[in-house]
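Structure below is structure-v4.cif: mmCIF, C-alpha atoms and all ligand atoms.
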data_run
loop_
_atom_site.label_atom_id
_atom_site.label_comp_id
_atom_site.auth_asym_id
_atom_site.auth_seq_id
_atom_site.Cartn_x
_atom_site.Cartn_y
_atom_site.Cartn_z
CA MET A 432 272.28 228.69 232.77
CA LYS A 433 275.87 228.68 234.03
CA PRO A 434 276.15 230.48 237.38
CA ARG A 435 278.19 233.64 237.20
CA CYS A 436 281.62 232.92 238.48
CA ILE A 437 283.15 235.09 241.21
CA GLN A 438 286.91 235.18 240.80
CA PRO A 439 288.76 234.19 243.96
CA GLY A 440 290.29 237.67 244.00
CA ASN A 441 286.91 239.36 243.63
CA GLY A 442 285.47 237.05 246.26
CA THR A 443 288.13 237.99 248.77
CA ARG A 444 287.64 241.66 247.99
CA MET A 445 283.90 241.25 248.30
CA GLN A 446 284.21 239.46 251.64
CA TYR A 447 286.47 242.30 252.82
CA CYS A 448 283.90 244.90 251.70
CA LEU A 449 281.08 243.04 253.40
CA ALA A 450 283.11 242.75 256.60
CA MET A 451 283.85 246.50 256.49
CA LEU A 452 280.17 247.30 255.89
CA ALA A 453 279.18 245.06 258.81
CA LEU A 454 281.76 246.79 261.02
CA ILE A 455 280.56 250.28 260.02
CA TRP A 456 276.94 249.22 260.66
CA TYR A 457 277.87 247.76 264.08
CA VAL A 458 279.74 250.93 265.10
CA PHE A 459 276.82 253.07 263.85
CA LYS A 460 274.24 251.00 265.77
CA THR A 461 276.22 250.85 268.99
CA THR A 462 277.50 254.41 269.19
CA ILE A 463 274.59 256.48 267.87
CA PRO A 464 271.47 256.42 270.01
CA SER A 465 268.32 255.49 268.16
CA ASN A 466 264.98 257.25 268.29
CA GLY A 467 263.05 255.13 265.84
CA PHE A 468 263.41 257.68 263.07
CA GLY A 469 266.53 256.25 261.45
CA ASN A 470 268.82 257.75 264.09
CA ARG A 471 267.99 261.32 263.22
CA PHE A 472 265.25 263.58 264.34
CA ALA A 473 262.42 264.19 261.96
CA SER A 474 261.82 267.88 261.31
CA MET A 475 258.46 267.70 263.16
CA ILE A 476 257.34 265.15 265.72
CA ILE A 477 253.72 264.41 266.57
CA ALA A 478 253.33 262.20 269.62
CA GLY A 479 250.10 260.65 270.91
CA ASN A 480 249.97 260.22 274.68
CA TRP A 481 247.14 257.74 275.21
CA LYS A 482 247.51 257.98 279.01
CA MET A 483 245.31 255.39 280.82
CA ASN A 484 242.83 254.97 277.98
CA LEU A 485 241.65 252.52 275.30
CA THR A 486 240.77 248.85 275.21
CA ARG A 487 242.89 246.47 273.12
CA GLN A 488 240.32 246.59 270.34
CA GLU A 489 240.21 250.39 270.36
CA ALA A 490 244.01 250.53 270.33
CA VAL A 491 244.14 248.32 267.23
CA ALA A 492 241.49 250.41 265.46
CA LEU A 493 243.32 253.65 266.25
CA THR A 494 246.69 252.23 265.17
CA THR A 495 245.14 251.04 261.89
CA ALA A 496 243.87 254.54 261.22
CA VAL A 497 247.23 256.18 261.99
CA ILE A 498 249.51 253.83 259.98
CA PRO A 499 248.90 255.45 256.56
CA ALA A 500 249.81 258.88 257.98
CA ALA A 501 253.47 257.94 258.42
CA SER A 502 255.84 259.82 256.14
CA ASP A 503 259.55 260.47 255.85
CA ASN A 504 259.49 264.12 256.78
CA LEU A 505 257.47 263.66 259.98
CA GLY A 506 258.04 261.63 263.13
CA ILE A 507 255.02 259.98 264.71
CA ILE A 508 255.27 258.40 268.15
CA LEU A 509 252.55 256.50 269.97
CA PHE A 510 252.70 256.22 273.76
CA PRO A 511 250.16 253.50 274.67
CA PRO A 512 249.61 252.15 278.20
CA SER A 513 252.38 249.58 278.77
CA ILE A 514 249.97 246.62 278.66
CA LEU A 515 249.01 247.53 275.09
CA ILE A 516 252.55 248.05 273.74
CA ASP A 517 252.93 244.49 272.37
CA THR A 518 249.58 244.70 270.59
CA VAL A 519 250.34 248.08 269.02
CA ARG A 520 253.87 246.93 268.05
CA ASP A 521 252.52 243.79 266.34
CA HIS A 522 249.89 245.84 264.58
CA LEU A 523 252.47 248.36 263.35
CA ALA A 524 254.61 245.44 262.12
CA SER A 525 251.66 244.03 260.20
CA GLY A 526 251.39 247.47 258.56
CA ASN A 527 255.01 247.34 257.36
CA GLY A 528 255.20 248.62 253.84
CA ASN A 529 252.11 250.76 254.45
CA GLY A 530 253.82 253.05 256.93
CA GLY A 531 253.80 250.93 260.10
CA GLU A 532 257.60 250.91 260.17
CA GLY A 533 257.64 254.72 260.17
CA ILE A 534 255.80 255.03 263.49
CA ALA A 535 257.80 254.85 266.70
CA LEU A 536 256.58 253.43 270.00
CA GLY A 537 257.20 254.67 273.51
CA GLY A 538 256.38 253.85 277.12
CA GLN A 539 254.67 256.38 279.41
CA ASP A 540 257.28 255.99 282.17
CA SER A 541 260.29 253.88 283.13
CA HIS A 542 262.05 253.33 286.43
CA ALA A 543 265.43 254.73 287.45
CA ALA A 544 266.68 251.17 288.09
CA ALA A 545 267.20 248.59 285.37
CA SER A 546 265.42 245.88 287.40
CA GLY A 547 264.58 245.03 291.00
CA PRO A 548 261.92 245.05 293.70
CA HIS A 549 259.64 247.85 292.41
CA THR A 550 256.12 246.47 292.27
CA GLY A 551 254.01 247.97 289.53
CA ASP A 552 256.88 249.74 287.80
CA ILE A 553 258.40 249.10 284.41
CA ALA A 554 262.09 249.16 283.51
CA ALA A 555 263.76 250.77 280.50
CA PRO A 556 265.20 247.48 279.12
CA MET A 557 261.70 245.96 279.26
CA LEU A 558 260.35 248.78 277.09
CA ARG A 559 263.29 248.43 274.72
CA GLU A 560 262.74 244.69 274.45
CA ALA A 561 259.06 245.33 273.72
CA GLY A 562 260.04 247.44 270.71
CA CYS A 563 259.94 250.95 272.19
CA THR A 564 262.50 253.55 271.16
CA TRP A 565 261.03 256.37 273.30
CA VAL A 566 259.80 256.90 276.84
CA LEU A 567 257.83 259.81 278.31
CA LEU A 568 259.39 261.02 281.55
CA GLY A 569 258.27 263.57 284.12
CA HIS A 570 254.79 264.15 282.75
CA SER A 571 253.01 266.55 285.11
CA GLU A 572 250.42 263.86 285.88
CA ARG A 573 253.21 261.58 287.13
CA ARG A 574 254.84 264.44 288.99
CA ALA A 575 251.46 265.09 290.70
CA ASP A 576 250.15 261.51 291.12
CA HIS A 577 253.45 259.84 292.04
CA GLY A 578 255.42 262.68 293.61
CA GLU A 579 258.10 262.54 290.91
CA THR A 580 260.77 265.19 291.30
CA SER A 581 263.07 266.49 288.58
CA ALA A 582 265.96 264.63 290.27
CA MET A 583 263.99 261.38 289.87
CA VAL A 584 263.25 262.27 286.25
CA ALA A 585 266.99 262.79 285.62
CA ALA A 586 267.84 259.37 287.10
CA LYS A 587 265.16 257.77 284.93
CA ALA A 588 266.44 259.62 281.85
CA VAL A 589 270.01 258.42 282.40
CA GLN A 590 268.79 254.82 282.78
CA ALA A 591 266.56 255.10 279.70
CA ILE A 592 269.40 256.47 277.57
CA ALA A 593 271.69 253.69 278.80
CA HIS A 594 269.17 251.26 277.32
CA ASP A 595 268.90 253.06 274.01
CA LEU A 596 265.55 254.70 274.71
CA ALA A 597 265.11 258.38 273.84
CA PRO A 598 263.37 260.14 276.75
CA MET A 599 260.77 262.81 276.04
CA ILE A 600 261.12 264.91 279.18
CA CYS A 601 258.06 266.94 280.14
CA VAL A 602 258.27 270.33 281.83
CA GLY A 603 255.68 273.01 282.48
CA GLU A 604 254.47 275.57 284.99
CA SER A 605 251.29 275.67 287.08
CA LEU A 606 248.71 278.44 286.68
CA ASP A 607 249.95 279.95 289.91
CA ASP A 608 253.53 280.02 288.57
CA ARG A 609 252.37 281.73 285.39
CA GLN A 610 250.18 284.30 287.11
CA SER A 611 252.96 285.23 289.48
CA GLY A 612 255.49 285.62 286.66
CA ARG A 613 257.61 282.63 287.68
CA ALA A 614 256.91 280.41 284.65
CA GLY A 615 260.32 280.92 283.00
CA ASP A 616 262.26 280.23 286.22
CA VAL A 617 260.18 277.16 287.09
CA VAL A 618 260.69 275.64 283.65
CA GLU A 619 264.40 276.46 283.71
CA HIS A 620 264.83 274.67 287.06
CA GLN A 621 262.87 271.67 285.83
CA LEU A 622 265.05 271.49 282.73
CA ARG A 623 268.38 271.81 284.54
CA ASP A 624 267.42 269.33 287.27
CA SER A 625 265.78 266.83 284.90
CA LEU A 626 268.85 266.77 282.64
CA THR A 627 271.47 266.23 285.34
CA GLY A 628 273.73 263.42 284.14
CA VAL A 629 272.35 263.39 280.59
CA GLU A 630 275.45 263.32 278.42
CA PRO A 631 276.00 265.60 275.43
CA GLY A 632 275.03 263.79 272.26
CA ALA A 633 272.27 261.80 273.97
CA CYS A 634 269.06 261.42 272.02
CA PHE A 635 266.13 263.09 273.83
CA ALA A 636 263.33 265.59 273.37
CA ILE A 637 261.58 268.13 275.58
CA ALA A 638 257.80 268.54 275.79
CA TYR A 639 256.71 271.91 277.17
CA GLU A 640 253.27 271.41 278.67
CA PRO A 641 251.83 274.20 280.83
CA ILE A 642 249.96 272.23 283.51
CA TRP A 643 246.94 274.54 283.35
CA ALA A 644 246.52 273.75 279.61
CA ILE A 645 246.51 269.94 279.93
CA GLY A 646 243.08 268.44 279.33
CA THR A 647 241.39 271.77 280.06
CA GLY A 648 240.73 273.04 276.54
CA LYS A 649 242.89 276.09 277.35
CA THR A 650 246.03 276.62 275.28
CA ALA A 651 248.85 279.03 275.90
CA GLY A 652 248.77 282.06 273.57
CA SER A 653 251.03 281.99 270.50
CA ASP A 654 253.33 284.66 271.94
CA ASP A 655 253.67 282.81 275.24
CA ILE A 656 254.45 279.58 273.42
CA ALA A 657 257.05 281.25 271.19
CA GLN A 658 258.63 282.99 274.18
CA MET A 659 258.79 279.84 276.34
CA HIS A 660 260.12 277.65 273.52
CA GLY A 661 262.82 280.26 272.82
CA HIS A 662 263.66 280.30 276.53
CA ILE A 663 263.85 276.49 276.62
CA ARG A 664 266.13 276.51 273.56
CA SER A 665 268.52 278.96 275.22
CA VAL A 666 268.50 277.04 278.54
CA LEU A 667 269.26 273.80 276.68
CA THR A 668 272.09 275.51 274.80
CA SER A 669 273.50 276.95 278.01
CA ILE A 670 273.44 273.51 279.68
CA ASN A 671 275.42 272.15 276.77
CA ALA A 672 275.90 273.45 273.23
CA ASP A 673 275.30 269.88 272.11
CA HIS A 674 271.68 270.12 273.33
CA ALA A 675 270.96 273.10 271.06
CA GLY A 676 269.11 271.09 268.40
CA VAL A 677 266.98 268.99 270.74
CA PRO A 678 263.35 268.93 269.55
CA ILE A 679 260.96 270.96 271.73
CA LEU A 680 257.32 269.87 271.49
CA TYR A 681 254.32 271.79 272.77
CA GLY A 682 251.58 270.00 274.69
CA GLY A 683 248.32 271.02 276.35
CA SER A 684 244.95 270.85 274.60
CA VAL A 685 246.45 270.69 271.10
CA LYS A 686 243.50 270.25 268.72
CA PRO A 687 242.97 270.46 264.94
CA GLY A 688 241.73 274.04 265.39
CA ASN A 689 244.84 275.41 267.11
CA ALA A 690 247.60 273.06 265.86
CA GLY A 691 248.55 275.12 262.78
CA ASP A 692 248.99 278.29 264.79
CA ILE A 693 251.11 276.45 267.38
CA PHE A 694 253.31 274.85 264.69
CA ASP A 695 253.93 278.27 263.14
CA GLN A 696 255.73 279.46 266.29
CA GLN A 697 259.51 279.51 266.30
CA HIS A 698 261.22 276.64 268.15
CA VAL A 699 258.07 274.50 268.10
CA ASP A 700 259.18 271.15 266.71
CA GLY A 701 255.90 269.30 267.09
CA ALA A 702 253.25 268.41 269.64
CA LEU A 703 252.56 265.99 272.46
CA VAL A 704 248.86 265.34 272.08
CA GLY A 705 246.67 263.78 274.77
CA GLY A 706 242.88 263.85 274.34
CA ALA A 707 242.91 264.54 270.59
CA SER A 708 245.29 261.60 269.98
CA LEU A 709 242.51 259.21 271.03
CA ASP A 710 240.34 260.32 268.13
CA ALA A 711 241.70 259.19 264.75
CA ASP A 712 240.18 262.09 262.80
CA GLN A 713 241.54 264.72 265.17
CA PHE A 714 244.97 263.12 265.44
CA LEU A 715 245.26 262.75 261.66
CA SER A 716 244.23 266.35 261.16
CA ILE A 717 246.98 267.50 263.59
CA ILE A 718 249.47 265.31 261.70
CA ARG A 719 248.44 266.91 258.40
CA SER A 720 248.95 270.38 259.89
CA ALA A 721 252.45 269.43 261.02
CA ARG A 722 253.32 267.79 257.72
CA SER A 723 252.39 270.88 255.76
CA ARG A 724 254.95 272.81 257.83
CA ALA A 725 257.70 270.15 258.03
P1 LIG A 801 245.90 267.06 276.31
O1 LIG A 801 247.11 266.27 277.02
O2 LIG A 801 246.24 267.18 274.86
O3 LIG A 801 244.69 266.20 276.56
O4 LIG A 801 245.81 268.38 276.98
C1 LIG A 801 248.44 266.52 276.68
C2 LIG A 801 249.35 265.71 277.56
O5 LIG A 801 249.07 265.62 278.76
O6 LIG A 801 250.35 265.16 277.11
#
Is it possible to express this structure as structure tokens?
Amino acid sequence: MKPRCIQPGNGTRMQYCLAMLALIWYVFKTTIPSNGFGNRFASMIIAGNWKMNLTRQEAVALTTAVIPAASDNLGIILFPPSILIDTVRDHLASGNGNGGEGIALGGQDSHAAASGPHTGDIAAPMLREAGCTWVLLGHSERRADHGETSAMVAAKAVQAIAHDLAPMICVGESLDDRQSGRAGDVVEHQLRDSLTGVEPGACFAIAYEPIWAIGTGKTAGSDDIAQMHGHIRSVLTSINADHAGVPILYGGSVKPGNAGDIFDQQHVDGALVGGASLDADQFLSIIRSARSRA
């Protein structure tokens, strides 16, 4: 069969169109921060914080179970220990077409510097190179175990964003703060200090995790969650109107039994799940709850 002939004129026009498309794509990629969800936030985000858990084999089995749960109207992020990121990334890639491409990867921390003499730490560009689009910052366990302050979290967030990673910045009060009525003030200070230097338009999320609810089986009451998420939304908006739509996730003993009630609260845009994210059945059940409300 004779090949279809492209007229010189058409060819030139086509080359011009292709060049314009390439330019638009380049500008889009380089100016809009990415979060692994096609440069927009999914309406609900369910994130699994694996903390310092799982063998390589267990990580592969869990990833295999989660891959089919990916869907367009829900963002799923896995935060494995950094040594397992490559394995999980490769496994997600092998699940391309089945949903693997719809699941984003994140690191559990990244340093405020891009490289240098910081034994044991990991840098934002390393996570990016490994295929991460997210990083958890300021988790209360890191604040407690490593003495991280909100100022340090802000420096890490700025560095992460500079390397096209979306930080998920964790805030939350202690039991003492809550019982003495200081929870709102404590969270507001954490937010303001952890976001210093984060430019309007940057891609990030907030995870509200009351410290006393993490890994304890205790969850904040629905009213407290709704009230705190509303407070966080108004603090974000007062820092910069551009931050108004930032996703606010709840974390702290989220389980299949309480997830639906949590997701029904206003300003709850998903969950950061620890213990239950290590169990495929529980994690999938939480994902289903979120999807039915997305
Ligand atoms: P948990 O952990 O679900 O086990 O309470 C949540 C977290 O620390 O992110």
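A distance cut-off of 9 Å around (276.7, 270.9, 268.5), counting only C-alpha atoms, selects these protein and nucleic acid residues: Pro631, Gly632, Asn671, Ala672, Asp673, His674, Ala675 and Gly676 of chain A.
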Neighbouring residues of ligand LIG 801 (chain A) are defined here as those with any atom at most 10 Å from a ligand atom, counting only C-alpha atoms and all ligand atoms; list them as an mmCIF file with C-alpha atoms, in the frame of the given file.
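Now in part-v3.cif:
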data_model
loop_
_atom_site.group_PDB
_atom_site.id
_atom_site.type_symbol
_atom_site.label_atom_id
_atom_site.label_comp_id
_atom_site.auth_asym_id
_atom_site.auth_seq_id
_atom_site.Cartn_x
_atom_site.Cartn_y
_atom_site.Cartn_z
ATOM 1 C CA ALA A 478 253.330 262.200 269.620
ATOM 2 C CA GLY A 479 250.100 260.650 270.910
ATOM 3 C CA ASN A 480 249.970 260.220 274.680
ATOM 4 C CA TRP A 481 247.140 257.740 275.210
ATOM 5 C CA LYS A 482 247.510 257.980 279.010
ATOM 6 C CA PHE A 510 252.700 256.220 273.760
ATOM 7 C CA LEU A 567 257.830 259.810 278.310
ATOM 8 C CA HIS A 570 254.790 264.150 282.750
ATOM 9 C CA SER A 571 253.010 266.550 285.110
ATOM 10 C CA GLU A 572 250.420 263.860 285.880
ATOM 11 C CA CYS A 601 258.060 266.940 280.140
ATOM 12 C CA ALA A 638 257.800 268.540 275.790
ATOM 13 C CA TYR A 639 256.710 271.910 277.170
ATOM 14 C CA GLU A 640 253.270 271.410 278.670
ATOM 15 C CA PRO A 641 251.830 274.200 280.830
ATOM 16 C CA ILE A 642 249.960 272.230 283.510
ATOM 17 C CA TRP A 643 246.940 274.540 283.350
ATOM 18 C CA ALA A 644 246.520 273.750 279.610
ATOM 19 C CA ILE A 645 246.510 269.940 279.930
ATOM 20 C CA GLY A 646 243.080 268.440 279.330
ATOM 21 C CA THR A 647 241.390 271.770 280.060
ATOM 22 C CA GLY A 648 240.730 273.040 276.540
ATOM 23 C CA LYS A 649 242.890 276.090 277.350
ATOM 24 C CA THR A 650 246.030 276.620 275.280
ATOM 25 C CA TYR A 681 254.320 271.790 272.770
ATOM 26 C CA GLY A 682 251.580 270.000 274.690
ATOM 27 C CA GLY A 683 248.320 271.020 276.350
ATOM 28 C CA SER A 684 244.950 270.850 274.600
ATOM 29 C CA VAL A 685 246.450 270.690 271.100
ATOM 30 C CA LYS A 686 243.500 270.250 268.720
ATOM 31 C CA ALA A 702 253.250 268.410 269.640
ATOM 32 C CA LEU A 703 252.560 265.990 272.460
ATOM 33 C CA VAL A 704 248.860 265.340 272.080
ATOM 34 C CA GLY A 705 246.670 263.780 274.770
ATOM 35 C CA GLY A 706 242.880 263.850 274.340
ATOM 36 C CA ALA A 707 242.910 264.540 270.590
ATOM 37 C CA SER A 708 245.290 261.600 269.980
ATOM 38 C CA LEU A 709 242.510 259.210 271.030
#
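Computed from the coordinates, the CA of Val519 in chain A to CA of Leu493 in chain A distance equals 9.4 Å.
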Q: For CA of Met557 in chain A and CA of Asp624 in chain A, determine how far apart the two atoms are, in Å to one decimal place.
A: 25.4 Å
Q: Could you tell me how far CA of Leu568 in chain A lies from CA of Ser541 in chain A, in Å and to one decimal?
A: 7.4 Å
Q | Best match for closeness to Cys634 in chain A among A:Ala651, A:Leu622, A:Ala501, A:Ile592, counting all atoms listed in the file | A | A:Ile592
